[in-house]
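Structure below is structure_1.tsv: TSV, C-alpha atoms and all ligand atoms.
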```tsv
chain	number	residue	atom	x	y	z
N	48	MET	CA	198.62	136.34	31.07
N	49	ILE	CA	196.75	138.19	28.32
N	50	THR	CA	197.08	137.93	24.57
N	51	VAL	CA	195.95	140.95	22.56
N	52	LEU	CA	194.91	139.95	19.04
N	53	LYS	CA	195.51	142.04	15.94
N	54	ASN	CA	192.46	143.69	14.40
N	55	GLY	CA	192.54	141.57	11.26
N	56	ALA	CA	192.57	138.18	13.04
N	57	THR	CA	189.95	135.84	11.56
N	58	GLU	CA	187.54	133.74	13.64
N	59	GLU	CA	189.32	130.62	12.43
N	60	GLN	CA	192.76	131.86	13.50
N	61	LYS	CA	191.38	132.99	16.82
N	62	ASN	CA	189.65	129.66	17.53
N	63	LYS	CA	192.77	127.74	16.60
N	64	LEU	CA	194.82	129.75	19.09
N	65	ILE	CA	192.17	129.36	21.82
N	66	LYS	CA	192.16	125.60	21.26
N	67	TRP	CA	195.94	125.50	21.48
N	68	PHE	CA	195.90	127.37	24.81
N	69	GLU	CA	193.22	124.99	26.10
N	70	GLN	CA	195.39	122.04	25.12
N	71	GLN	CA	198.08	123.55	27.36
N	72	GLY	CA	195.63	123.15	30.25
N	73	LEU	CA	194.60	126.81	30.38
N	74	LYS	CA	191.16	128.37	30.62
N	75	VAL	CA	190.64	131.11	28.06
N	76	HIS	CA	188.52	134.15	28.84
N	77	VAL	CA	187.61	135.99	25.62
N	78	SER	CA	186.88	139.71	25.75
N	79	GLU	CA	185.60	141.07	22.44
N	80	GLY	CA	185.93	144.82	22.70
N	81	GLU	CA	184.94	147.46	20.21
N	82	TYR	CA	188.54	147.94	19.16
N	83	GLN	CA	190.38	144.79	20.18
N	84	THR	CA	189.98	141.18	21.22
N	85	ILE	CA	191.78	140.02	24.31
N	86	LEU	CA	192.34	136.42	25.35
N	87	GLY	CA	192.79	136.18	29.09
N	88	LEU	CA	194.59	133.01	30.16
N	89	VAL	CA	193.87	131.52	33.56
N	90	GLY	CA	195.91	128.68	35.01
N	91	ASP	CA	199.57	127.77	35.13
N	92	THR	CA	201.06	129.84	32.32
N	93	THR	CA	204.69	129.27	33.34
N	94	GLN	CA	205.27	126.81	30.50
N	95	ILE	CA	203.98	129.25	27.87
N	96	ASP	CA	206.77	130.68	25.74
N	97	ASP	CA	206.03	134.41	25.54
N	98	GLU	CA	208.27	134.93	22.53
N	99	LEU	CA	206.67	132.10	20.61
N	100	VAL	CA	203.12	133.36	21.22
N	101	GLY	CA	204.20	136.96	20.56
N	102	SER	CA	205.60	135.96	17.17
N	103	LEU	CA	202.29	134.53	15.91
N	104	GLU	CA	200.80	136.40	12.96
N	105	ILE	CA	197.53	137.28	14.73
N	106	VAL	CA	199.06	138.33	18.03
N	107	ASP	CA	199.61	142.01	18.68
N	108	ALA	CA	201.01	141.77	22.21
N	109	ILE	CA	201.21	139.55	25.24
N	110	LYS	CA	201.40	140.64	28.85
N	111	ARG	CA	201.85	138.82	32.13
N	112	VAL	CA	199.16	139.77	34.66
N	113	SER	CA	200.72	139.73	38.09
N	114	GLU	CA	197.52	140.33	40.11
N	115	PRO	CA	195.96	137.13	41.50
N	116	TYR	CA	192.50	138.21	40.30
N	117	LYS	CA	192.20	137.59	36.60
N	118	ARG	CA	188.57	137.61	35.45
N	119	ALA	CA	187.78	140.64	37.60
N	120	ASN	CA	190.90	142.43	36.31
N	121	ARG	CA	190.54	145.33	33.92
N	122	LYS	CA	193.55	144.02	32.03
N	123	PHE	CA	191.44	141.00	31.05
N	124	HIS	CA	188.49	143.17	30.02
N	125	PRO	CA	189.48	146.78	29.29
N	126	GLU	CA	185.91	147.98	28.72
N	127	ASP	CA	183.48	148.56	31.59
N	128	THR	CA	181.14	145.66	32.23
N	129	VAL	CA	177.50	146.62	31.93
N	130	VAL	CA	175.31	144.40	34.11
N	131	ASP	CA	171.71	144.10	32.91
N	132	VAL	CA	169.16	143.26	35.57
N	133	ASN	CA	165.86	142.68	33.79
N	134	GLY	CA	166.39	145.79	31.69
N	135	VAL	CA	167.99	147.91	34.43
N	136	ARG	CA	171.55	148.55	33.30
N	137	ILE	CA	174.39	149.39	35.60
N	138	GLY	CA	177.99	150.21	34.69
N	139	GLY	CA	179.59	151.75	31.60
N	140	GLY	CA	177.85	155.08	32.16
N	141	ASN	CA	174.54	153.57	33.32
N	142	PHE	CA	173.66	154.68	36.85
N	143	ALA	CA	171.15	152.81	39.01
N	144	ILE	CA	169.75	153.47	42.46
N	145	ILE	CA	168.75	150.53	44.65
N	146	ALA	CA	166.47	151.61	47.50
N	147	GLY	CA	164.29	150.03	50.13
N	148	PRO	CA	164.16	149.06	53.76
N	149	CYS	CA	166.90	147.33	55.68
N	150	SER	CA	164.45	144.51	56.38
N	151	VAL	CA	161.08	143.49	55.04
N	152	GLU	CA	158.77	143.86	58.04
N	153	SER	CA	155.19	143.65	56.77
N	154	GLU	CA	153.13	143.76	53.59
N	155	GLU	CA	152.06	147.34	54.26
N	156	GLN	CA	155.64	148.47	54.92
N	157	ILE	CA	157.28	146.94	51.86
N	158	LEU	CA	154.50	148.00	49.48
N	159	GLU	CA	154.47	151.56	50.76
N	160	VAL	CA	158.24	151.88	50.55
N	161	ALA	CA	158.35	150.22	47.12
N	162	GLU	CA	155.79	152.64	45.66
N	163	GLY	CA	157.56	155.58	47.31
N	164	VAL	CA	161.05	154.82	46.06
N	165	LYS	CA	159.81	153.93	42.60
N	166	ALA	CA	158.02	157.28	42.27
N	167	ALA	CA	161.24	159.00	43.38
N	168	GLY	CA	163.35	157.34	40.69
N	169	ALA	CA	164.81	154.19	42.24
N	170	SER	CA	165.34	151.45	39.69
N	171	MET	CA	165.62	148.44	42.01
N	172	LEU	CA	164.01	147.53	45.32
N	173	ARG	CA	166.07	146.20	48.20
N	174	GLY	CA	164.82	144.45	51.32
N	175	GLY	CA	166.43	141.99	53.68
N	176	ALA	CA	164.54	138.77	54.40
N	177	PHE	CA	167.48	136.98	56.03
N	178	LYS	CA	169.31	139.43	58.27
N	179	PRO	CA	172.88	139.10	59.56
N	180	ARG	CA	172.44	140.64	63.02
N	181	THR	CA	175.19	141.10	65.57
N	182	SER	CA	172.91	139.81	68.35
N	183	PRO	CA	170.93	136.56	68.09
N	184	TYR	CA	168.20	138.29	70.14
N	185	ASP	CA	167.61	140.99	67.50
N	186	PHE	CA	165.05	140.67	64.69
N	187	GLN	CA	166.42	138.07	62.28
N	188	GLY	CA	164.21	138.90	59.30
N	189	MET	CA	160.95	137.41	57.99
N	190	ARG	CA	162.89	134.78	56.04
N	191	ALA	CA	160.82	132.93	53.39
N	192	GLU	CA	157.76	135.06	54.14
N	193	GLY	CA	159.85	138.19	53.55
N	194	ILE	CA	160.86	136.88	50.12
N	195	GLU	CA	157.18	136.37	49.28
N	196	LEU	CA	156.38	139.95	50.25
N	197	LEU	CA	159.23	141.19	48.05
N	198	GLU	CA	157.76	139.19	45.16
N	199	GLU	CA	154.45	140.89	45.76
N	200	ALA	CA	156.12	144.31	45.66
N	201	LYS	CA	157.81	143.36	42.40
N	202	ALA	CA	154.49	142.28	40.89
N	203	LYS	CA	152.98	145.65	41.88
N	204	THR	CA	155.86	147.95	40.86
N	205	GLY	CA	157.84	145.99	38.26
N	206	MET	CA	161.06	146.80	40.11
N	207	PRO	CA	163.80	144.13	40.14
N	208	LEU	CA	164.61	142.83	43.61
N	209	VAL	CA	167.84	142.83	45.63
N	210	SER	CA	168.05	140.66	48.75
N	211	GLU	CA	170.77	139.13	50.87
N	212	ILE	CA	171.50	135.42	51.06
N	213	MET	CA	173.30	133.96	54.06
N	214	ASN	CA	173.10	130.24	53.39
N	215	ALA	CA	173.52	128.43	50.07
N	216	ASN	CA	170.73	126.04	51.14
N	217	HIS	CA	168.32	128.96	50.70
N	218	LEU	CA	169.12	129.45	47.00
N	219	HIS	CA	165.83	127.86	45.92
N	220	LEU	CA	163.99	130.67	47.74
N	221	PHE	CA	165.83	133.28	45.65
N	222	GLU	CA	164.45	132.15	42.29
N	223	ASN	CA	162.49	135.40	41.82
N	224	ILE	CA	165.11	137.62	43.42
N	225	ASP	CA	166.99	139.38	40.62
N	226	VAL	CA	170.14	140.37	42.46
N	227	ILE	CA	171.55	138.23	45.22
N	228	GLN	CA	173.40	140.26	47.81
N	229	ILE	CA	176.43	138.87	49.62
N	230	GLY	CA	176.69	140.99	52.73
N	231	ALA	CA	179.84	142.43	54.26
N	232	ARG	CA	179.98	139.69	56.88
N	233	ASN	CA	179.96	136.99	54.23
N	234	MET	CA	182.40	138.57	51.78
N	235	GLN	CA	184.88	135.80	52.50
N	236	ASN	CA	182.41	132.94	52.90
N	237	PHE	CA	184.06	131.16	50.02
N	238	GLU	CA	181.59	128.26	49.79
N	239	LEU	CA	178.73	130.76	49.54
N	240	LEU	CA	180.63	132.71	46.86
N	241	LYS	CA	181.15	129.51	44.86
N	242	ALA	CA	177.47	128.62	45.21
N	243	VAL	CA	176.22	131.96	43.83
N	244	GLY	CA	178.94	131.72	41.18
N	245	LYS	CA	177.20	128.62	39.85
N	246	THR	CA	173.94	130.56	39.32
N	247	ASP	CA	173.17	133.04	36.55
N	248	LYS	CA	171.91	135.71	38.97
N	249	THR	CA	173.58	139.07	39.31
N	250	VAL	CA	175.53	139.20	42.57
N	251	LEU	CA	175.95	142.37	44.62
N	252	LEU	CA	179.14	141.79	46.58
N	253	LYS	CA	179.65	144.06	49.57
N	254	ARG	CA	183.08	144.85	50.91
N	255	GLY	CA	183.84	143.30	54.29
N	256	LEU	CA	184.18	145.53	57.35
N	257	ALA	CA	187.91	144.93	57.49
N	258	ASN	CA	188.83	143.84	53.99
N	259	THR	CA	191.17	145.35	51.44
N	260	LEU	CA	190.16	146.12	47.89
N	261	LYS	CA	192.35	143.26	46.73
N	262	GLU	CA	190.46	140.88	49.00
N	263	LEU	CA	187.17	142.21	47.63
N	264	LEU	CA	188.37	141.55	44.10
N	265	MET	CA	189.53	138.05	45.07
N	266	SER	CA	186.03	137.38	46.38
N	267	ALA	CA	184.59	138.60	43.07
N	268	GLU	CA	187.04	136.23	41.40
N	269	TYR	CA	185.57	133.30	43.39
N	270	ILE	CA	182.14	134.07	41.90
N	271	MET	CA	183.45	134.68	38.39
N	272	SER	CA	185.68	131.61	38.33
N	273	GLU	CA	182.52	129.49	38.67
N	274	GLY	CA	181.21	131.05	35.46
N	275	ASN	CA	179.07	133.93	36.76
N	276	GLU	CA	180.42	137.22	35.43
N	277	ASN	CA	177.48	139.35	36.62
N	278	VAL	CA	179.07	140.88	39.67
N	279	ILE	CA	178.52	144.36	41.10
N	280	LEU	CA	180.98	145.56	43.75
N	281	CYS	CA	179.73	147.59	46.71
N	282	GLU	CA	181.68	149.91	49.00
N	283	ARG	CA	179.75	150.16	52.29
N	284	GLY	CA	182.30	151.62	54.66
N	285	ILE	CA	185.08	149.99	56.61
N	286	ARG	CA	185.97	149.86	60.27
N	287	THR	CA	188.47	152.46	61.43
N	288	PHE	CA	189.28	154.09	64.78
N	289	GLU	CA	186.53	156.67	64.13
N	290	THR	CA	183.34	156.00	66.06
N	291	PHE	CA	181.22	159.04	65.19
N	292	THR	CA	179.99	157.34	62.06
N	293	ARG	CA	179.00	153.66	62.03
N	294	ASN	CA	181.85	152.94	59.58
N	295	THR	CA	184.17	155.12	57.53
N	296	LEU	CA	183.09	155.48	53.91
N	297	ASP	CA	186.14	154.79	51.78
N	298	LEU	CA	185.20	156.77	48.71
N	299	SER	CA	188.65	156.38	47.22
N	300	ALA	CA	187.60	152.76	46.72
N	301	VAL	CA	185.46	153.95	43.81
N	302	PRO	CA	188.20	155.25	41.48
N	303	ALA	CA	190.57	152.56	42.76
N	304	LEU	CA	188.19	149.68	41.99
N	305	LYS	CA	187.32	151.16	38.62
N	306	GLU	CA	190.99	151.34	37.75
N	307	LEU	CA	191.68	147.77	38.87
N	308	SER	CA	188.50	146.17	37.61
N	309	HIS	CA	185.88	146.45	34.87
N	310	LEU	CA	183.01	145.57	37.23
N	311	PRO	CA	180.39	148.18	38.20
N	312	VAL	CA	180.87	149.81	41.60
N	313	VAL	CA	178.01	151.00	43.79
N	314	VAL	CA	178.19	152.84	47.11
N	315	ASP	CA	176.03	152.26	50.18
N	316	PRO	CA	176.19	155.47	52.26
N	317	SER	CA	173.52	154.18	54.66
N	318	HIS	CA	175.59	151.44	56.29
N	319	ALA	CA	178.75	153.51	55.82
N	320	THR	CA	177.55	156.44	57.93
N	321	GLY	CA	174.75	154.92	60.02
N	322	ILE	CA	173.21	158.41	60.29
N	323	ALA	CA	170.26	159.42	58.12
N	324	ARG	CA	171.29	163.11	57.75
N	325	MET	CA	174.69	162.07	56.40
N	326	VAL	CA	173.33	159.77	53.71
N	327	GLU	CA	172.48	162.45	51.14
N	328	PRO	CA	175.84	164.30	51.18
N	329	MET	CA	177.76	161.05	50.92
N	330	ALA	CA	175.48	159.79	48.14
N	331	MET	CA	176.23	162.97	46.19
N	332	ALA	CA	179.94	162.56	46.85
N	333	ALA	CA	179.79	158.94	45.67
N	334	ALA	CA	178.11	159.99	42.43
N	335	ALA	CA	180.74	162.69	41.96
N	336	ALA	CA	183.50	160.14	42.58
N	337	GLY	CA	182.24	158.10	39.63
N	338	ALA	CA	180.13	155.39	41.27
N	339	ASP	CA	177.86	153.41	38.95
N	340	GLY	CA	175.05	153.39	41.45
N	341	LEU	CA	173.87	153.72	45.02
N	342	MET	CA	172.16	151.57	47.60
N	343	ILE	CA	170.02	153.56	50.02
N	344	GLU	CA	167.96	152.39	52.99
N	345	VAL	CA	164.44	153.84	53.00
N	346	HIS	CA	161.65	153.21	55.50
N	347	ASN	CA	158.11	154.59	55.61
N	348	LYS	CA	158.43	155.02	59.40
N	349	PRO	CA	162.14	155.09	60.26
N	350	GLU	CA	161.42	155.65	63.98
N	351	GLU	CA	159.54	152.32	64.09
N	352	ALA	CA	161.98	150.28	61.96
N	353	LEU	CA	162.97	146.87	63.34
N	354	CYS	CA	166.48	147.37	61.96
N	355	ASP	CA	168.67	150.34	61.02
N	356	GLY	CA	166.01	153.02	61.50
N	357	LYS	CA	168.66	155.60	62.47
N	358	GLN	CA	170.19	155.49	59.02
N	359	SER	CA	166.95	155.14	57.06
N	360	LEU	CA	165.49	157.94	54.97
N	361	THR	CA	161.79	158.56	54.50
N	362	PRO	CA	160.53	158.25	50.91
N	363	ALA	CA	160.35	162.08	50.77
N	364	GLN	CA	163.98	162.44	51.93
N	365	PHE	CA	164.97	159.79	49.40
N	366	ALA	CA	163.20	161.69	46.63
N	367	LYS	CA	165.26	164.77	47.46
N	368	LEU	CA	168.47	162.72	47.47
N	369	ALA	CA	167.64	161.17	44.09
N	370	GLU	CA	167.01	164.60	42.60
N	371	ARG	CA	170.26	166.08	43.94
N	372	VAL	CA	172.25	163.04	42.76
N	373	ARG	CA	170.66	163.44	39.32
N	374	LYS	CA	171.86	167.06	39.25
N	375	ILE	CA	175.39	166.05	40.23
N	376	ARG	CA	175.46	163.52	37.41
N	377	GLU	CA	174.10	166.09	34.99
N	378	ALA	CA	176.80	168.58	36.00
N	379	MET	CA	179.46	165.92	35.44
N	380	ASN	CA	178.39	165.22	31.85
P	1	LIG	C1	172.47	145.23	54.26
P	1	LIG	O1	172.72	145.79	53.19
P	1	LIG	O2	171.33	144.91	54.60
P	1	LIG	C2	173.58	144.90	55.18
P	1	LIG	C3	173.40	144.08	56.20
P	1	LIG	O3	174.72	145.53	54.87
P	1	LIG	P1	176.24	145.12	55.21
P	1	LIG	O4	176.38	143.67	54.82
P	1	LIG	O5	177.02	146.04	54.35
P	1	LIG	O6	176.43	145.36	56.67
P	2	MN	MN	170.65	147.68	57.17
```
Now, as a test, write the supplied structure out as structure tokens.
Ligand code: PEP
Ligand code: MN
Amino acid sequence: MITVLKNGATEEQKNKLIKWFEQQGLKVHVSEGEYQTILGLVGDTTQIDDELVGSLEIVDAIKRVSEPYKRANRKFHPEDTVVDVNGVRIGGGNFAIIAGPCSVESEEQILEVAEGVKAAGASMLRGGAFKPRTSPYDFQGMRAEGIELLEEAKAKTGMPLVSEIMNANHLHLFENIDVIQIGARNMQNFELLKAVGKTDKTVLLKRGLANTLKELLMSAEYIMSEGNENVILCERGIRTFETFTRNTLDLSAVPALKELSHLPVVVDPSHATGIARMVEPMAMAAAAAGADGLMIEVHNKPEEALCDGKQSLTPAQFAKLAERVRKIREAMN
């Protein structure tokens, strides 16, 4: 349920109403917009008398929100959320590119890629230290050592870091990681979602291979209901009957998610296509579809990569992509 307040409502009137809702056992989510204040009510609102609340002097309108996701719902927060990662803003017209290797493999590799993507215009560095691999015999990531190498790259380039967590017991290792990624395979690991929801780190939540947009938003809700509102949604392709590409990039997810939610939406065309030559066209299409950012896999020697080399761009190819995406965004304005 949401309560839209009238423009002239005083702080005192507003606080009194919030307190009253809280006494009814509800949690109140306040969204102070430029033009209106909205009180989003979470909990059992069945006993709330709509007519009574609607008749209050400071109330402009009340609406029942039927969707099960509340905090992630645009009805609760009509304006776009802008997530600020150490000065890098994403959402509400701010576009950010996250780039870097699938996995951190060595000091030389991560530093070379970091310098390369930074020079080409990336604003955050990605790199997996803990890797969710389909086979237990494949490279599993450098784990804690990989995190240390990312920290070194951050010290050298100043770029905020994005890295995937797979186990809440590893949270202490992520202290200097700016954005914690929840990978597609863990999108519905609800205990992990609750654990990152208790932190104040930005969370990049990737859509599961076979999950609906509603399920993605419910997973965002798990994080937000613990108090962490810094969530970025990521479309990374879903599994369909098509096998030419690694997954099928669902670009309609971008306008759909932006209609349903106020959270920023980024697109990962690398995992979506699995083919390096298809990354640039899909990145451009994602920008044109209104994405708030991109996540692109870049490797200094894709042919030698321990993971996902086939879909990785060289720093030079990434630079070309970044330039073409910039032109698309320019044309849109
Ligand atoms: C990744 O981004 O490193 C990754 C493993 O992606 P996904 O979870 O989307 O498969
Ligand atoms: Mn990868």
Separation of CA of Arg111 (chain N) and CA of Cys281 (chain N), in Å?
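Separation of CA of Arg111 (chain N) and CA of Cys281 (chain N): 27.9 Å.
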Give me, as number ranges by chain, the set of residues whose atoms come within 7 Å of any atom of ligand LIG 1 (chain P), counting all atoms listed in the file.
N: 149, 175, 178-179, 211, 230-232, 253, 283, 318
I need the chosen residues saved as a PDB file, in the frame of the given file, with C-alpha atoms.
```pdb
ATOM      1  CA  CYS N 149     166.900 147.330  55.680  1.00  0.00           C
ATOM      2  CA  GLY N 175     166.430 141.990  53.680  1.00  0.00           C
ATOM      3  CA  LYS N 178     169.310 139.430  58.270  1.00  0.00           C
ATOM      4  CA  PRO N 179     172.880 139.100  59.560  1.00  0.00           C
ATOM      5  CA  GLU N 211     170.770 139.130  50.870  1.00  0.00           C
ATOM      6  CA  GLY N 230     176.690 140.990  52.730  1.00  0.00           C
ATOM      7  CA  ALA N 231     179.840 142.430  54.260  1.00  0.00           C
ATOM      8  CA  ARG N 232     179.980 139.690  56.880  1.00  0.00           C
ATOM      9  CA  LYS N 253     179.650 144.060  49.570  1.00  0.00           C
ATOM     10  CA  ARG N 283     179.750 150.160  52.290  1.00  0.00           C
ATOM     11  CA  HIS N 318     175.590 151.440  56.290  1.00  0.00           C
TER      12      HIS N 318
END
```
Go through N:Asn236, N:Thr204, N:Thr50, N:Gln156 one by one, measure the shortest atom-to-atom distance of each to Met171 (chain N) using only C-alpha atoms, and give the residue with the smallest value.
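The closest residue to Met171 (chain N) is N:Thr204.
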Given only C-alpha atoms and all ligand atoms, how would the per-residue table for chain N near ligand MN 2 (chain P) read, listing every residue at most 9 Å away with its closest atom pair and distance in Å to one decimal, sorted by chain and number, as CSV?
```
residue,atom,partner,partner_atom,distance
N:Pro148,CA,P:MN2,MN,7.5
N:Cys149,CA,P:MN2,MN,4.1
N:Ser150,CA,P:MN2,MN,7.0
N:Gly174,CA,P:MN2,MN,8.9
N:Gly175,CA,P:MN2,MN,7.9
N:Lys178,CA,P:MN2,MN,8.4
N:Ser317,CA,P:MN2,MN,7.5
N:His318,CA,P:MN2,MN,6.3
N:Gly321,CA,P:MN2,MN,8.8
N:Glu344,CA,P:MN2,MN,6.8
N:Cys354,CA,P:MN2,MN,6.4
N:Asp355,CA,P:MN2,MN,5.1
N:Gly356,CA,P:MN2,MN,8.3
N:Gln358,CA,P:MN2,MN,8.0
N:Ser359,CA,P:MN2,MN,8.3
```
Minimum-distance residue to Val209 (chain N), chosen among N:Leu239, N:Ala146, N:Met271, N:Val51 (using all atoms listed in the file)
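Ranked by minimum distance to Val209 (chain N), first place goes to N:Ala146.
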Using Å and a single decimal, report how far CA of Arg190 (chain N) sits from CA of Asn133 (chain N).
23.8 Å
Mind pulling up the distance from CA of Arg254 (chain N) to CA of Leu307 (chain N)?
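It comes out at 15.1 Å.
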Residue completion, region 266-286 of chain N, N, CA and C atoms, as a CSV table (one decimal), in the coordinates of the input:
```csv
chain,number,residue,atom,x,y,z
N,266,SER,N,187.3,138.0,46.1
N,266,SER,CA,186.0,137.4,46.4
N,266,SER,C,185.2,137.4,45.1
N,267,ALA,N,185.3,138.5,44.4
N,267,ALA,CA,184.6,138.6,43.1
N,267,ALA,C,185.1,137.5,42.2
N,268,GLU,N,186.4,137.3,42.2
N,268,GLU,CA,187.0,136.2,41.4
N,268,GLU,C,186.5,134.8,41.7
N,269,TYR,N,186.2,134.6,43.0
N,269,TYR,CA,185.6,133.3,43.4
N,269,TYR,C,184.2,133.1,42.6
N,270,ILE,N,183.4,134.2,42.6
N,270,ILE,CA,182.1,134.1,41.9
N,270,ILE,C,182.4,133.9,40.4
N,271,MET,N,183.2,134.7,39.8
N,271,MET,CA,183.4,134.7,38.4
N,271,MET,C,184.1,133.4,37.9
N,272,SER,N,185.0,132.8,38.8
N,272,SER,CA,185.7,131.6,38.3
N,272,SER,C,184.7,130.4,38.2
N,273,GLU,N,183.5,130.6,38.8
N,273,GLU,CA,182.5,129.5,38.7
N,273,GLU,C,181.7,129.7,37.4
N,274,GLY,N,181.9,130.8,36.7
N,274,GLY,CA,181.2,131.0,35.5
N,274,GLY,C,180.2,132.2,35.5
N,275,ASN,N,180.0,132.8,36.7
N,275,ASN,CA,179.1,133.9,36.8
N,275,ASN,C,179.8,135.3,36.7
N,276,GLU,N,179.7,136.0,35.6
N,276,GLU,CA,180.4,137.2,35.4
N,276,GLU,C,179.6,138.4,35.8
N,277,ASN,N,178.4,138.2,36.3
N,277,ASN,CA,177.5,139.4,36.6
N,277,ASN,C,177.7,139.8,38.1
N,278,VAL,N,178.7,140.5,38.3
N,278,VAL,CA,179.1,140.9,39.7
N,278,VAL,C,179.1,142.4,39.8
N,279,ILE,N,178.5,142.9,40.8
N,279,ILE,CA,178.5,144.4,41.1
N,279,ILE,C,179.2,144.5,42.4
N,280,LEU,N,180.2,145.4,42.5
N,280,LEU,CA,181.0,145.6,43.8
N,280,LEU,C,180.3,146.7,44.6
N,281,CYS,N,180.3,146.6,45.9
N,281,CYS,CA,179.7,147.6,46.7
N,281,CYS,C,180.6,148.0,47.9
N,282,GLU,N,180.9,149.3,47.9
N,282,GLU,CA,181.7,149.9,49.0
N,282,GLU,C,180.6,150.4,50.0
N,283,ARG,N,180.8,149.9,51.3
N,283,ARG,CA,179.8,150.2,52.3
N,283,ARG,C,180.4,150.6,53.6
N,284,GLY,N,181.6,151.1,53.5
N,284,GLY,CA,182.3,151.6,54.7
N,284,GLY,C,183.1,150.5,55.3
N,285,ILE,N,184.2,150.9,55.9
N,285,ILE,CA,185.1,150.0,56.6
N,285,ILE,C,185.3,150.4,58.0
N,286,ARG,N,185.8,149.5,58.9
N,286,ARG,CA,186.0,149.9,60.3
N,286,ARG,C,187.3,150.6,60.5
```
